[in-house]
Amino acid sequence: MSTTIGTMILQMKQRPSDKAAVKIKERGQWKNISWREYYDAVVTASAAFTSVGLKVGDPVAVMSNTRWEWAVCDLAVIGSKGLVVPIYQNSTSEE
């Protein structure tokens, strides 16, 4: 049986809370983001997309540099059954 991205998102909250999912630098200090915090951020963002009317198959453009919030947004759109359209922050209008 294959594992879907949606299933993997749901499994995030079951991972050990003492293990960092992501490490970010905040105000010059490294901070761990736990799997539970990561999961909660994805669920919150997914609910926000749904609350503004995102429907199955709707495209959502994400314009950002590389950061953990980009991954949260990506998973939230997927979890909401939308389509992620990544746009790198340096992309030109022609691209």
# chains A, B, ... in the order shown; residues from 1 in each chain; ligands from 1
$ select_by_dssp --residues "chain A" --states "alpha helix (DSSP H)" --output "ChimeraX atom specification"
/A:5-12,35-51,68-79
$ write_last_selection --atoms "C-alpha atoms" --output "mmCIF file, in the first residue's frame"
data_model
loop_
_atom_site.group_PDB
_atom_site.id
_atom_site.type_symbol
_atom_site.label_atom_id
_atom_site.label_comp_id
_atom_site.auth_asym_id
_atom_site.auth_seq_id
_atom_site.Cartn_x
_atom_site.Cartn_y
_atom_site.Cartn_z
ATOM 1 C CA ILE A 5 1.321 13.070 1.359
ATOM 2 C CA GLY A 6 -1.939 13.536 3.276
ATOM 3 C CA THR A 7 -1.244 10.421 5.341
ATOM 4 C CA MET A 8 2.283 11.623 6.019
ATOM 5 C CA ILE A 9 0.923 14.974 7.235
ATOM 6 C CA LEU A 10 -1.405 13.210 9.668
ATOM 7 C CA GLN A 11 1.486 11.087 10.945
ATOM 8 C CA MET A 12 3.561 14.185 11.786
ATOM 9 C CA TRP A 35 6.853 17.665 14.705
ATOM 10 C CA ARG A 36 3.738 18.592 16.691
ATOM 11 C CA GLU A 37 4.355 22.331 16.125
ATOM 12 C CA TYR A 38 4.952 21.651 12.434
ATOM 13 C CA TYR A 39 1.702 19.661 12.221
ATOM 14 C CA ASP A 40 -0.245 22.370 14.079
ATOM 15 C CA ALA A 41 1.095 25.028 11.700
ATOM 16 C CA VAL A 42 0.018 22.966 8.664
ATOM 17 C CA VAL A 43 -3.478 22.374 10.101
ATOM 18 C CA THR A 44 -3.889 26.068 10.978
ATOM 19 C CA ALA A 45 -2.809 27.191 7.503
ATOM 20 C CA SER A 46 -5.035 24.569 5.866
ATOM 21 C CA ALA A 47 -8.034 25.813 7.854
ATOM 22 C CA ALA A 48 -7.209 29.377 6.789
ATOM 23 C CA PHE A 49 -7.133 28.377 3.109
ATOM 24 C CA THR A 50 -10.457 26.595 3.482
ATOM 25 C CA SER A 51 -12.014 29.535 5.343
ATOM 26 C CA TRP A 68 10.113 26.437 6.785
ATOM 27 C CA GLU A 69 6.894 28.458 6.391
ATOM 28 C CA TRP A 70 7.021 27.745 2.659
ATOM 29 C CA ALA A 71 6.920 24.024 3.425
ATOM 30 C CA VAL A 72 4.023 24.591 5.856
ATOM 31 C CA CYS A 73 2.103 26.479 3.187
ATOM 32 C CA ASP A 74 2.858 23.816 0.585
ATOM 33 C CA LEU A 75 1.586 21.010 2.818
ATOM 34 C CA ALA A 76 -1.447 23.057 3.886
ATOM 35 C CA VAL A 77 -2.500 23.620 0.274
ATOM 36 C CA ILE A 78 -2.019 19.941 -0.500
ATOM 37 C CA GLY A 79 -3.960 19.020 2.647
#
$ atom_distance --atom1 "CA of Glu26 (chain A)" --atom2 "CA of Ile87 (chain A)"
24.3 Å
